[in-house]
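Here's my_file_5.txt, which has compact mmCIF, C-alpha atoms:
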```
# COMPACT_ATOMS: atom_id res chain seq x y z
CA MET A 1 79.62 78.91 140.97
CA SER A 2 77.71 79.12 144.25
CA ASN A 3 74.73 76.85 144.82
CA LYS A 4 73.20 79.27 147.33
CA LEU A 5 71.54 81.70 144.92
CA VAL A 6 68.28 83.51 145.73
CA LEU A 7 66.17 85.60 143.36
CA VAL A 8 65.22 88.72 145.31
CA LEU A 9 62.18 90.73 144.18
CA ASN A 10 61.34 94.23 145.44
CA CYS A 11 58.04 95.33 143.91
CA GLY A 12 57.02 98.97 143.98
CA SER A 13 53.77 100.44 142.70
CA SER A 14 55.21 101.10 139.23
CA SER A 15 58.54 99.27 139.27
CA LEU A 16 60.25 96.01 140.17
CA LYS A 17 63.84 95.69 141.34
CA PHE A 18 65.36 92.24 141.11
CA ALA A 19 68.65 90.55 141.82
CA ILE A 20 70.08 87.06 141.99
CA ILE A 21 72.20 87.06 145.13
CA ASP A 22 74.73 84.63 146.54
CA ALA A 23 73.42 84.23 150.08
CA LEU A 24 76.90 83.36 151.36
CA THR A 25 78.84 86.32 149.94
CA GLY A 26 76.22 88.96 149.04
CA ASP A 27 77.52 89.11 145.46
CA ASP A 28 74.91 89.59 142.76
CA GLN A 29 75.10 87.49 139.62
CA ILE A 30 72.27 89.39 137.95
CA SER A 31 70.53 92.62 138.96
CA GLY A 32 68.04 94.87 137.28
CA LEU A 33 65.06 97.20 137.31
CA ALA A 34 61.76 97.05 135.47
CA GLU A 35 59.98 100.41 135.49
CA CYS A 36 57.30 102.67 134.03
CA PHE A 37 54.59 100.06 134.62
CA GLY A 38 51.26 100.94 133.05
CA LEU A 39 52.84 103.36 130.59
CA GLU A 40 53.64 103.03 126.90
CA ASP A 41 57.38 102.99 127.58
CA ALA A 42 57.46 100.19 130.20
CA LYS A 43 61.00 98.81 130.10
CA ILE A 44 63.54 96.64 131.86
CA LYS A 45 67.28 97.09 132.43
CA TRP A 46 69.60 94.46 133.85
CA LYS A 47 73.23 93.52 134.36
CA VAL A 48 74.76 90.05 134.12
CA ASN A 49 78.16 89.96 135.78
CA GLY A 50 78.46 93.71 135.17
CA VAL A 51 77.38 93.68 131.51
CA LYS A 52 74.38 96.02 130.98
CA GLN A 53 71.36 95.19 128.82
CA GLU A 54 67.99 96.82 128.19
CA ALA A 55 64.67 95.94 126.55
CA SER A 56 61.10 97.14 126.16
CA LEU A 57 58.42 95.22 128.05
CA GLY A 58 55.64 96.33 125.74
CA ALA A 59 53.13 99.11 126.25
CA PHE A 60 51.27 99.12 129.57
CA SER A 61 53.14 96.10 130.94
CA ALA A 62 53.33 95.58 134.71
CA HIS A 63 54.63 93.15 137.37
CA ARG A 64 53.40 89.93 135.76
CA GLU A 65 54.97 90.77 132.39
CA ALA A 66 58.19 91.83 134.12
CA VAL A 67 58.49 88.55 136.04
CA GLU A 68 57.73 86.59 132.88
CA PHE A 69 60.46 88.52 131.04
CA ILE A 70 62.93 87.79 133.83
CA VAL A 71 62.13 84.07 133.62
CA LYS A 72 62.10 83.74 129.84
CA ASP A 73 64.64 86.27 128.60
CA VAL A 74 67.02 87.01 131.48
CA LEU A 75 67.23 83.61 133.15
CA GLY A 76 66.59 81.81 129.87
CA ALA A 77 69.77 83.33 128.49
CA ASN A 78 71.71 82.35 131.62
CA PRO A 79 70.71 78.75 132.39
CA GLU A 80 73.75 78.04 134.58
CA ILE A 81 72.75 80.82 136.96
CA ALA A 82 69.05 79.94 136.76
CA SER A 83 69.71 76.33 137.74
CA GLN A 84 71.36 77.47 141.00
CA ILE A 85 68.35 79.43 142.32
CA HIS A 86 66.99 77.80 145.49
CA ALA A 87 64.34 80.31 146.57
CA ILE A 88 62.57 83.59 145.84
CA GLY A 89 62.89 86.32 148.47
CA HIS A 90 60.35 89.16 148.54
CA ARG A 91 60.79 92.48 150.28
CA VAL A 92 57.53 93.41 152.02
CA VAL A 93 57.27 96.87 153.57
CA HIS A 94 54.64 96.31 156.27
CA GLY A 95 54.05 93.22 158.40
CA GLY A 96 52.26 94.92 161.29
CA GLU A 97 52.56 93.06 164.58
CA LYS A 98 51.70 89.76 162.91
CA PHE A 99 55.13 89.27 161.31
CA THR A 100 58.05 89.75 163.68
CA GLN A 101 60.48 87.88 161.44
CA SER A 102 60.81 86.55 157.91
CA VAL A 103 58.48 83.69 156.90
CA ILE A 104 57.96 81.16 154.13
CA ILE A 105 54.96 82.32 152.12
CA ASP A 106 51.72 80.38 152.14
CA GLU A 107 48.09 81.47 151.79
CA SER A 108 47.86 82.55 155.44
CA VAL A 109 50.92 84.77 154.98
CA ILE A 110 49.40 86.31 151.88
CA HIS A 111 46.22 87.08 153.82
CA GLY A 112 48.34 88.64 156.57
CA ILE A 113 50.11 90.90 154.06
CA GLU A 114 46.71 91.86 152.65
CA ASP A 115 45.52 92.75 156.16
CA CYS A 116 48.47 95.14 156.52
CA ALA A 117 47.90 96.81 153.14
CA ALA A 118 46.04 99.75 154.66
CA LEU A 119 49.21 100.59 156.62
CA ALA A 120 51.34 100.75 153.45
CA PRO A 121 48.88 101.37 150.59
CA LEU A 122 51.58 102.29 148.07
CA HIS A 123 53.67 99.21 148.84
CA ASN A 124 51.93 96.07 150.15
CA PRO A 125 49.47 95.71 147.22
CA ALA A 126 52.42 95.86 144.81
CA HIS A 127 54.30 93.23 146.84
CA LEU A 128 51.27 90.93 146.62
CA ILE A 129 51.14 91.29 142.84
CA GLY A 130 54.84 90.40 142.68
CA ILE A 131 54.35 87.38 144.97
CA ARG A 132 51.50 86.03 142.85
CA ALA A 133 53.48 86.56 139.65
CA ALA A 134 56.52 84.80 141.12
CA GLN A 135 54.40 81.88 142.35
CA ALA A 136 53.03 81.45 138.83
CA SER A 137 56.47 81.61 137.22
CA PHE A 138 58.36 79.60 139.87
CA PRO A 139 55.80 77.10 141.22
CA GLU A 140 58.51 74.69 142.32
CA LEU A 141 60.52 77.17 144.42
CA PRO A 142 59.81 78.26 148.01
CA GLN A 143 58.91 81.93 148.39
CA VAL A 144 60.01 83.92 151.45
CA ALA A 145 58.70 87.27 152.71
CA VAL A 146 61.14 89.59 154.52
CA PHE A 147 59.44 92.49 156.30
CA ASP A 148 60.80 96.02 156.69
CA THR A 149 58.92 96.32 159.97
CA ALA A 150 60.24 93.13 161.59
CA PHE A 151 63.58 94.57 162.79
CA HIS A 152 61.75 97.24 164.78
CA GLN A 153 59.64 94.79 166.78
CA THR A 154 62.27 95.00 169.55
CA MET A 155 61.29 98.61 170.35
CA PRO A 156 59.94 99.09 173.90
CA GLU A 157 56.36 100.30 174.38
CA LYS A 158 57.54 103.75 175.41
CA ALA A 159 59.04 104.12 171.93
CA PHE A 160 56.23 102.71 169.80
CA ILE A 161 53.01 103.69 171.60
CA TYR A 162 51.38 106.94 170.49
CA ALA A 163 49.82 109.27 173.08
CA LEU A 164 46.36 108.36 171.84
CA PRO A 165 43.63 106.45 173.70
CA TYR A 166 45.33 103.13 174.48
CA LYS A 167 42.37 101.16 173.15
CA LEU A 168 43.31 102.31 169.62
CA TYR A 169 46.46 100.25 170.02
CA ARG A 170 44.80 97.40 171.89
CA GLU A 171 41.90 97.05 169.45
CA ASN A 172 43.28 98.43 166.18
CA ALA A 173 47.09 98.02 166.48
CA ILE A 174 47.69 101.74 165.87
CA ARG A 175 51.33 102.28 166.88
CA ARG A 176 54.76 103.12 165.47
CA TYR A 177 56.11 100.28 163.33
CA GLY A 178 59.06 101.75 161.44
CA MET A 179 60.40 100.83 158.00
CA HIS A 180 63.73 100.17 156.24
CA GLY A 181 64.32 97.40 158.78
CA THR A 182 66.34 95.19 156.44
CA SER A 183 68.69 98.07 155.69
CA HIS A 184 69.06 99.07 159.35
CA LEU A 185 69.73 95.42 160.29
CA PHE A 186 72.44 95.08 157.65
CA ILE A 187 74.08 98.35 158.71
CA SER A 188 74.06 97.36 162.39
CA ARG A 189 76.03 94.20 161.55
CA GLU A 190 78.50 95.96 159.26
CA ALA A 191 79.02 98.85 161.69
CA ALA A 192 79.98 96.44 164.47
CA LYS A 193 82.58 94.86 162.17
CA ALA A 194 83.93 98.27 161.13
CA LEU A 195 84.21 99.36 164.77
CA GLY A 196 85.86 96.10 165.79
CA LYS A 197 83.14 95.39 168.36
CA ASP A 198 80.66 92.64 169.10
CA GLU A 199 77.24 93.47 167.70
CA ALA A 200 75.74 93.00 171.17
CA ASP A 201 78.05 95.76 172.46
CA THR A 202 77.57 98.23 169.58
CA ASN A 203 75.33 101.30 169.82
CA ILE A 204 74.78 103.28 166.62
CA ILE A 205 72.37 105.69 164.99
CA CYS A 206 71.67 104.69 161.39
CA ALA A 207 70.39 107.26 158.88
CA HIS A 208 68.93 105.55 155.81
CA LEU A 209 68.47 108.44 153.39
CA GLY A 210 66.78 108.16 150.02
CA ASN A 211 63.51 109.28 148.47
CA GLY A 212 62.15 107.63 151.61
CA ALA A 213 64.24 108.28 154.71
CA SER A 214 64.40 107.08 158.29
CA VAL A 215 66.66 107.16 161.33
CA THR A 216 66.97 104.27 163.78
CA ALA A 217 68.62 104.02 167.19
CA ILE A 218 70.23 100.57 167.41
CA LYS A 219 71.41 99.35 170.80
CA GLY A 220 73.29 96.08 170.99
CA GLY A 221 72.13 95.14 167.51
CA LYS A 222 68.45 95.78 168.28
CA SER A 223 66.17 98.63 167.19
CA VAL A 224 65.08 100.71 170.19
CA ASP A 225 63.53 103.67 168.35
CA THR A 226 62.89 104.73 164.77
CA SER A 227 61.50 107.75 162.96
CA MET A 228 58.89 106.24 160.62
CA GLY A 229 55.59 105.39 162.29
CA LEU A 230 52.32 103.62 161.57
CA THR A 231 53.13 104.26 157.91
CA PRO A 232 56.22 105.48 156.02
CA LEU A 233 54.93 109.08 156.24
CA GLU A 234 56.15 110.02 159.72
CA GLY A 235 59.60 111.34 160.59
CA LEU A 236 62.16 112.99 158.34
CA VAL A 237 61.64 115.25 155.34
CA MET A 238 61.66 112.95 152.28
CA GLY A 239 61.50 113.29 148.51
CA THR A 240 57.76 113.93 148.33
CA ARG A 241 56.63 113.07 151.90
CA CYS A 242 56.31 115.74 154.57
CA GLY A 243 57.42 113.68 157.57
CA ASP A 244 56.43 115.10 160.96
CA VAL A 245 53.63 117.67 160.79
CA ASP A 246 50.99 119.00 163.20
CA PRO A 247 47.93 116.72 162.67
CA SER A 248 45.73 119.82 162.82
CA VAL A 249 47.08 120.77 159.41
CA ILE A 250 44.78 118.06 158.04
CA PHE A 251 41.71 119.60 159.69
CA HIS A 252 42.73 123.04 158.43
CA LEU A 253 43.11 121.80 154.86
CA VAL A 254 39.74 120.04 154.95
CA ASN A 255 37.61 122.43 157.02
CA ARG A 256 39.08 125.78 156.01
CA LEU A 257 40.55 125.23 152.56
CA GLY A 258 38.08 122.69 151.18
CA TYR A 259 40.45 119.81 150.46
CA THR A 260 39.06 116.29 150.26
CA LEU A 261 40.74 113.58 152.32
CA ASP A 262 42.12 112.02 149.13
CA GLU A 263 43.63 115.38 148.19
CA VAL A 264 45.16 115.74 151.66
CA GLU A 265 46.70 112.27 151.39
CA SER A 266 48.16 113.22 148.03
CA VAL A 267 49.57 116.47 149.44
CA LEU A 268 51.25 114.75 152.38
CA ASN A 269 52.61 111.76 150.46
CA LYS A 270 53.24 112.99 146.92
CA GLN A 271 53.48 116.81 146.87
CA SER A 272 55.49 117.65 150.00
CA GLY A 273 59.07 117.06 151.19
CA LEU A 274 61.93 118.25 149.02
CA LEU A 275 59.58 118.67 146.06
CA GLY A 276 57.01 120.71 147.94
CA ILE A 277 59.49 123.02 149.66
CA SER A 278 61.75 123.61 146.67
CA GLU A 279 58.97 123.71 144.04
CA LEU A 280 61.71 122.29 141.85
CA THR A 281 62.31 118.53 142.25
CA ASN A 282 62.17 115.63 144.67
CA ASP A 283 65.61 114.41 143.47
CA CYS A 284 68.32 115.31 145.96
CA ARG A 285 70.84 115.73 143.17
CA GLY A 286 68.66 118.46 141.65
CA ILE A 287 68.24 120.03 145.08
CA GLU A 288 72.01 120.19 145.55
CA GLU A 289 72.49 121.66 142.09
CA GLY A 290 69.87 124.29 142.88
CA PHE A 291 71.57 125.02 146.21
CA GLU A 292 74.90 125.56 144.46
CA GLN A 293 73.22 127.88 141.95
CA GLY A 294 71.55 129.91 144.69
CA HIS A 295 68.00 128.67 144.05
CA LYS A 296 65.99 129.89 147.05
CA GLY A 297 63.56 126.97 147.22
CA ALA A 298 66.29 124.35 146.82
CA THR A 299 68.38 126.03 149.49
CA LEU A 300 65.48 126.08 151.93
CA ALA A 301 64.63 122.43 151.19
CA LEU A 302 68.23 121.38 151.81
CA GLU A 303 68.44 123.33 155.06
CA ILE A 304 65.17 121.88 156.40
CA PHE A 305 66.16 118.35 155.37
CA CYS A 306 69.49 118.60 157.20
CA TYR A 307 68.06 120.38 160.24
CA ARG A 308 65.29 117.80 160.77
CA LEU A 309 67.78 114.96 160.35
CA ALA A 310 70.25 116.45 162.83
CA LYS A 311 67.46 116.91 165.40
CA TYR A 312 66.45 113.27 165.09
CA ILE A 313 70.02 112.04 165.42
CA ALA A 314 70.54 114.16 168.53
CA SER A 315 67.32 112.89 170.13
CA TYR A 316 68.26 109.26 169.50
CA THR A 317 71.26 109.49 171.79
CA VAL A 318 68.67 109.30 174.63
CA PRO A 319 67.80 105.58 174.31
CA LEU A 320 71.38 104.57 173.50
CA GLU A 321 73.14 105.93 176.61
CA ARG A 322 76.43 105.59 174.69
CA LEU A 323 77.01 106.45 171.01
CA ASP A 324 79.66 104.50 169.12
CA ALA A 325 78.94 105.93 165.67
CA VAL A 326 76.47 107.61 163.34
CA VAL A 327 76.17 105.73 160.04
CA PHE A 328 74.86 107.15 156.76
CA THR A 329 73.43 104.83 154.11
CA GLY A 330 70.89 104.78 151.26
CA GLY A 331 71.16 106.69 147.98
CA ILE A 332 71.51 110.12 149.60
CA GLY A 333 73.37 108.94 152.67
CA GLU A 334 75.96 107.10 150.58
CA ASN A 335 76.51 109.82 147.97
CA SER A 336 75.88 113.29 149.40
CA ASP A 337 79.00 114.50 151.17
CA LEU A 338 77.35 117.94 151.31
CA ILE A 339 74.38 116.73 153.36
CA ARG A 340 76.54 114.59 155.62
CA GLU A 341 78.83 117.54 156.38
CA LYS A 342 75.92 119.91 157.07
CA VAL A 343 74.27 117.43 159.42
CA LEU A 344 77.44 116.61 161.34
CA ASN A 345 78.38 120.28 161.65
CA SER A 346 74.97 120.83 163.25
CA LEU A 347 75.88 118.12 165.75
CA ALA A 348 79.16 119.69 166.87
CA ILE A 349 77.99 119.43 170.49
CA PHE A 350 78.57 115.67 170.15
CA ASN A 351 82.18 116.23 169.03
CA PHE A 352 81.86 115.29 165.36
CA ASN A 353 84.77 116.60 163.31
CA VAL A 354 84.27 116.07 159.57
CA ASP A 355 87.35 115.09 157.58
CA LYS A 356 86.66 116.69 154.19
CA GLU A 357 88.91 114.32 152.23
CA ARG A 358 87.46 111.21 153.83
CA ASN A 359 83.93 112.55 153.37
CA ALA A 360 84.49 113.31 149.69
CA ALA A 361 86.02 109.86 149.11
CA ALA A 362 83.10 108.00 150.71
CA ARG A 363 80.78 108.14 147.70
CA PHE A 364 79.63 106.09 144.71
CA GLY A 365 79.93 102.72 146.40
CA ASN A 366 82.82 103.58 148.68
CA GLY A 367 82.33 103.61 152.44
CA GLY A 368 84.43 104.31 155.49
CA GLN A 369 84.89 106.75 158.33
CA ILE A 370 84.23 110.38 157.38
CA THR A 371 85.32 112.06 160.64
CA THR A 372 88.78 112.67 162.02
CA ASP A 373 90.37 110.17 164.38
CA GLU A 374 89.80 112.58 167.25
CA GLY A 375 86.16 112.78 168.32
CA THR A 376 82.96 110.84 167.71
CA VAL A 377 82.86 108.49 164.72
CA ALA A 378 80.62 109.00 161.70
CA MET A 379 80.87 106.67 158.74
CA VAL A 380 79.30 105.66 155.45
CA ILE A 381 78.30 102.04 154.84
CA PRO A 382 76.65 101.11 151.53
CA THR A 383 73.54 99.10 152.32
CA ASN A 384 72.71 95.70 150.88
CA GLU A 385 69.10 94.84 151.68
CA GLU A 386 69.06 92.17 148.99
CA TRP A 387 71.78 90.21 150.81
CA VAL A 388 69.74 90.23 154.04
CA ILE A 389 66.72 88.93 152.12
CA ALA A 390 68.79 86.20 150.45
CA GLU A 391 70.33 85.19 153.79
CA ASP A 392 66.93 84.97 155.46
CA ALA A 393 65.52 82.89 152.60
CA MET A 394 68.33 80.33 152.84
CA ARG A 395 68.16 80.29 156.66
CA LEU A 396 64.45 79.47 156.58
CA LEU A 397 64.98 76.70 154.04
CA LYS A 398 67.46 75.04 156.37
```
Whole structure given in structure tokens:
Amino acid sequence: MSNKLVLVLNCGSSSLKFAIIDALTGDDQISGLAECFGLEDAKIKWKVNGVKQEASLGAFSAHREAVEFIVKDVLGANPEIASQIHAIGHRVVHGGEKFTQSVIIDESVIHGIEDCAALAPLHNPAHLIGIRAAQASFPELPQVAVFDTAFHQTMPEKAFIYALPYKLYRENAIRRYGMHGTSHLFISREAAKALGKDEADTNIICAHLGNGASVTAIKGGKSVDTSMGLTPLEGLVMGTRCGDVDPSVIFHLVNRLGYTLDEVESVLNKQSGLLGISELTNDCRGIEEGFEQGHKGATLALEIFCYRLAKYIASYTVPLERLDAVVFTGGIGENSDLIREKVLNSLAIFNFNVDKERNAAARFGNGGQITTDEGTVAMVIPTNEEWVIAEDAMRLLK
């Protein structure tokens, strides 16, 4: 058994994903999800070497109870694996400009994550709860924070500065930060391998598509532009988030329609996107089913999602100068051959030719090229953010 294991924690507002990862190979020994925090049916599911298990956490349980269950019941039943854990790695969505790379957590780091909480109010507070719970349960192990925003710190000013008064950036750090950095970093490495090129000579556009979605232009292994902004709200159409919208919509909702600012925030973050357009669901699988059944709202949501994505991909050829491949990843990107085909067909001007058999085969954990051998390459690469977090944790410990 490897002696390079890292427990990776990814805390959401009402859930906690966890995995014990071999930092050398990326293989997970244990993985699981605790969910429904704060509700009567809070529960946890996990797999040990592929064997699935499930348990109740107790009514209204949350992060602390979930971490305690992982320590006592999951690791307690697997002492050989538990004894090999060298560090805890935490995914943190927003590090602002303070954190340009992963760091070992101390009190100053915790204060820095707190300072960035206003930029990711649904995420950073949950990460902090998870960090505190892990510190209590694993006082002897080093804790490492890996930031989604860090990978995008290589963007030039022309890509991350908004056309607002410059003092808002200078004095208040209002700028584009980008998210999903760990995923985009992993994909940039794997794409270079798949293309048989050095990472420093590989230019790709990576579309990380899930309930949250972003596109990143990656030049020579470095992020040069990305679609998410100050917060995870900007950019693509997402499950419940609107993405790009005229800021005057906010004034209209408040001044003309009587919305409060809290209600506007809820509309933009929780009631828009696929859910808002379709008036059906935020789940892409339900949207595709509705599309196939002729549901008008689902069809419109799918068309807007694909159209916005294709426009972003096209625009990100500008900073790259040369495009080696478009890569799809994330839950939707890895599994929806329908969306991939629609997007690439909209980009025919770039000489994408979808191979239907390859595209259909690249699902449910399978990757590979999804275009014909003639023309520009598009491919699917399953992401592995947990491996990046485990690697960074072990690198920092060295």
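When all atoms listed in the file are used to measure the gap to A:Cys306, the shortest distance among A:Gln271, A:Asn345, A:Thr226, A:Gln84 belongs to A:Asn345.
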**OP:** Scan for residues within 9 Å of the point (88.2, 103.8, 159.0) in the coordinates of the file, using only C-alpha atoms, and reply as a VMD selection string.
**Re:** chain A and resid 194 to 195 367 to 371 373 379
Original post:
For A:Ile129, which residue among A:Thr154, A:Ser336, A:Asn10, A:Ser31 is the nearest when counting only C-alpha atoms?
Top reply: A:Asn10
Subject >> Nearby residues (all atoms listed in the file) at most 7 Å from stretch 349-358 of chain A, same-chain spacing under 3 positions excluded, as a list in words >> reply: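 Close residues of stretch 349-358 of chain A: Glu341, Leu344, Ala361, Ala362, Gln369, Ile370, Thr371, Thr372, Gly375, Thr376 and Val377 of chain A.
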I need the residues from that last selection saved to file as an mmCIF file, in the frame of the given file (with C-alpha atoms), if you can.
```
data_model
loop_
_atom_site.group_PDB
_atom_site.id
_atom_site.type_symbol
_atom_site.label_atom_id
_atom_site.label_comp_id
_atom_site.auth_asym_id
_atom_site.auth_seq_id
_atom_site.Cartn_x
_atom_site.Cartn_y
_atom_site.Cartn_z
ATOM 1 C CA GLU A 341 78.830 117.540 156.380
ATOM 2 C CA LEU A 344 77.440 116.610 161.340
ATOM 3 C CA ALA A 361 86.020 109.860 149.110
ATOM 4 C CA ALA A 362 83.100 108.000 150.710
ATOM 5 C CA GLN A 369 84.890 106.750 158.330
ATOM 6 C CA ILE A 370 84.230 110.380 157.380
ATOM 7 C CA THR A 371 85.320 112.060 160.640
ATOM 8 C CA THR A 372 88.780 112.670 162.020
ATOM 9 C CA GLY A 375 86.160 112.780 168.320
ATOM 10 C CA THR A 376 82.960 110.840 167.710
ATOM 11 C CA VAL A 377 82.860 108.490 164.720
#
```
Please identify all polymer residues within 10 Å of A:Lys311, counting all atoms listed in the file, omitting same-chain residues fewer than 2 positions from it, and present them as a PDB file with C-alpha atoms, in the frame of the given file.
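The result, stored in result-v4.pdb:
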```pdb
ATOM      1  CA  LEU A 236      62.160 112.990 158.340  1.00  0.00           C
ATOM      2  CA  CYS A 306      69.490 118.600 157.200  1.00  0.00           C
ATOM      3  CA  TYR A 307      68.060 120.380 160.240  1.00  0.00           C
ATOM      4  CA  ARG A 308      65.290 117.800 160.770  1.00  0.00           C
ATOM      5  CA  LEU A 309      67.780 114.960 160.350  1.00  0.00           C
ATOM      6  CA  ILE A 313      70.020 112.040 165.420  1.00  0.00           C
ATOM      7  CA  ALA A 314      70.540 114.160 168.530  1.00  0.00           C
ATOM      8  CA  SER A 315      67.320 112.890 170.130  1.00  0.00           C
ATOM      9  CA  TYR A 316      68.260 109.260 169.500  1.00  0.00           C
ATOM     10  CA  VAL A 343      74.270 117.430 159.420  1.00  0.00           C
ATOM     11  CA  SER A 346      74.970 120.830 163.250  1.00  0.00           C
ATOM     12  CA  LEU A 347      75.880 118.120 165.750  1.00  0.00           C
TER      13      LEU A 347
END
```
**OP:** Compile the contact shell of A:Leu275 as a list in words: residues with an atom at most 10 Å away, counting all atoms listed in the file, same-chain residues fewer than 2 positions apart removed.
**Re:** Met238, Gly239, Thr240, Arg241, Cys242, Lys270, Gln271, Ser272, Gly273, Ile277, Ser278, Glu279, Leu280, Thr281, Asn282, Asp283, Cys284, Ile287, Gly297, Ala298 and Ala301 of chain A
Restricting it to C-alpha atoms, dump the selection as an mmCIF file, keeping the file's coordinate frame.
```cif
data_model
loop_
_atom_site.group_PDB
_atom_site.id
_atom_site.type_symbol
_atom_site.label_atom_id
_atom_site.label_comp_id
_atom_site.auth_asym_id
_atom_site.auth_seq_id
_atom_site.Cartn_x
_atom_site.Cartn_y
_atom_site.Cartn_z
ATOM 1 C CA MET A 238 61.660 112.950 152.280
ATOM 2 C CA GLY A 239 61.500 113.290 148.510
ATOM 3 C CA THR A 240 57.760 113.930 148.330
ATOM 4 C CA ARG A 241 56.630 113.070 151.900
ATOM 5 C CA CYS A 242 56.310 115.740 154.570
ATOM 6 C CA LYS A 270 53.240 112.990 146.920
ATOM 7 C CA GLN A 271 53.480 116.810 146.870
ATOM 8 C CA SER A 272 55.490 117.650 150.000
ATOM 9 C CA GLY A 273 59.070 117.060 151.190
ATOM 10 C CA ILE A 277 59.490 123.020 149.660
ATOM 11 C CA SER A 278 61.750 123.610 146.670
ATOM 12 C CA GLU A 279 58.970 123.710 144.040
ATOM 13 C CA LEU A 280 61.710 122.290 141.850
ATOM 14 C CA THR A 281 62.310 118.530 142.250
ATOM 15 C CA ASN A 282 62.170 115.630 144.670
ATOM 16 C CA ASP A 283 65.610 114.410 143.470
ATOM 17 C CA CYS A 284 68.320 115.310 145.960
ATOM 18 C CA ILE A 287 68.240 120.030 145.080
ATOM 19 C CA GLY A 297 63.560 126.970 147.220
ATOM 20 C CA ALA A 298 66.290 124.350 146.820
ATOM 21 C CA ALA A 301 64.630 122.430 151.190
#
```
**OP:** Quote the spacing between atom CA of A:Gly290 and atom CA of A:His208 in Å to one decimal place.
**Re:**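 According to the coordinates, atom CA of A:Gly290 and atom CA of A:His208 are separated by 22.8 Å.
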Subject >> Interatomic distance (Å, one decimal) between atom CA of A:His295 and atom CA of A:Asp337 >> reply: 19.3 Å
Original post:
Please, what distance in Å, to one decimal, runs between atom CA of A:Val267 and atom CA of A:Val245?
Top reply: 12.1 Å
Subject >> Distance query stretch 216-223 of chain A at most 7 Å, all atoms listed in the file, self and fewer than 5 positions along chain excluded, as JSON, numbers by chain >> reply: {"A": [151, 152, 154, 155, 188, 199, 200, 201, 202, 203, 204, 205, 206, 207, 316, 320]}
Expected file contents, prior selection, C-alpha atoms, as a short mmCIF file (atom, residue, chain, number, x, y, z; two decimals), in the coordinates of the input:
```
data_model
loop_
_atom_site.label_atom_id
_atom_site.label_comp_id
_atom_site.auth_asym_id
_atom_site.auth_seq_id
_atom_site.Cartn_x
_atom_site.Cartn_y
_atom_site.Cartn_z
CA PHE A 151 63.58 94.57 162.79
CA HIS A 152 61.75 97.24 164.78
CA THR A 154 62.27 95.00 169.55
CA MET A 155 61.29 98.61 170.35
CA SER A 188 74.06 97.36 162.39
CA GLU A 199 77.24 93.47 167.70
CA ALA A 200 75.74 93.00 171.17
CA ASP A 201 78.05 95.76 172.46
CA THR A 202 77.57 98.23 169.58
CA ASN A 203 75.33 101.30 169.82
CA ILE A 204 74.78 103.28 166.62
CA ILE A 205 72.37 105.69 164.99
CA CYS A 206 71.67 104.69 161.39
CA ALA A 207 70.39 107.26 158.88
CA TYR A 316 68.26 109.26 169.50
CA LEU A 320 71.38 104.57 173.50
#
```
I'd like the neighbourhood of A:Ala133 as a PDB file with C-alpha atoms, in the frame of the given file, where a residue qualifies if any of its atoms comes within 7 Å (using all atoms listed in the file), though same-chain residues fewer than 4 positions away should be ignored.
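After the write, around_5.pdb holds the following:
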```pdb
ATOM      1  CA  ARG A  64      53.400  89.930 135.760  1.00  0.00           C
ATOM      2  CA  VAL A  67      58.490  88.550 136.040  1.00  0.00           C
ATOM      3  CA  ILE A 129      51.140  91.290 142.840  1.00  0.00           C
ATOM      4  CA  SER A 137      56.470  81.610 137.220  1.00  0.00           C
TER       5      SER A 137
END
```
Original post:
Could you tell me, as a ChimeraX atom specification, which residues have any atom at most 8 Å from (70.6, 91.0, 148.1), counting only C-alpha atoms?
Top reply: /A:8,19-23,26-28,384-390
What are the centre and edge lengths in Å, to one decimal, of the axis-aligned box around all listed atoms of stretch 147-157 of chain A with 5 Å added on each side, as JSON?
```
{"center_x": 60.0, "center_y": 96.4, "center_z": 165.3, "size_x": 17.2, "size_y": 17.8, "size_z": 28.1}
```
**OP:** Counting all atoms listed in the file, figure out which residue out of A:Asn78, A:Glu265, A:Arg176, A:Glu35 gets nearest to A:Glu54.
**Re:** A:Glu35
Original post:
Nearest to A:Lys4: which of A:Gly76, A:His86, A:Ser61, A:Gln293 is it, counting all atoms listed in the file?
Top reply: A:His86
Original post:
Quick one: of A:Ile104, A:Tyr312, A:Ser13, A:Phe69, who's nearest to A:Pro125, counting all atoms listed in the file?
Top reply: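 Selected residue with least distance to A:Pro125: A:Ser13.
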When you get a chance, write out N, CA and C atoms for stretch 198-203 of chain A, as an mmCIF file, keeping the file's coordinate frame.
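So the final result, stored in selection_4.cif, reads:
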```
data_model
loop_
_atom_site.group_PDB
_atom_site.id
_atom_site.type_symbol
_atom_site.label_atom_id
_atom_site.label_comp_id
_atom_site.auth_asym_id
_atom_site.auth_seq_id
_atom_site.Cartn_x
_atom_site.Cartn_y
_atom_site.Cartn_z
ATOM 1 N N ASP A 198 81.751 93.600 169.201
ATOM 2 C CA ASP A 198 80.660 92.640 169.100
ATOM 3 C C ASP A 198 79.373 93.395 168.824
ATOM 4 N N GLU A 199 78.500 92.800 168.020
ATOM 5 C CA GLU A 199 77.240 93.470 167.700
ATOM 6 C C GLU A 199 76.429 93.754 168.969
ATOM 7 N N ALA A 200 76.495 92.843 169.936
ATOM 8 C CA ALA A 200 75.740 93.000 171.170
ATOM 9 C C ALA A 200 76.274 94.141 172.042
ATOM 10 N N ASP A 201 77.450 94.663 171.693
ATOM 11 C CA ASP A 201 78.050 95.760 172.460
ATOM 12 C C ASP A 201 78.240 96.998 171.581
ATOM 13 N N THR A 202 77.432 97.116 170.521
ATOM 14 C CA THR A 202 77.570 98.230 169.580
ATOM 15 C C THR A 202 76.301 99.080 169.580
ATOM 16 N N ASN A 203 76.467 100.368 169.824
ATOM 17 C CA ASN A 203 75.330 101.300 169.820
ATOM 18 C C ASN A 203 75.542 102.329 168.709
#
```
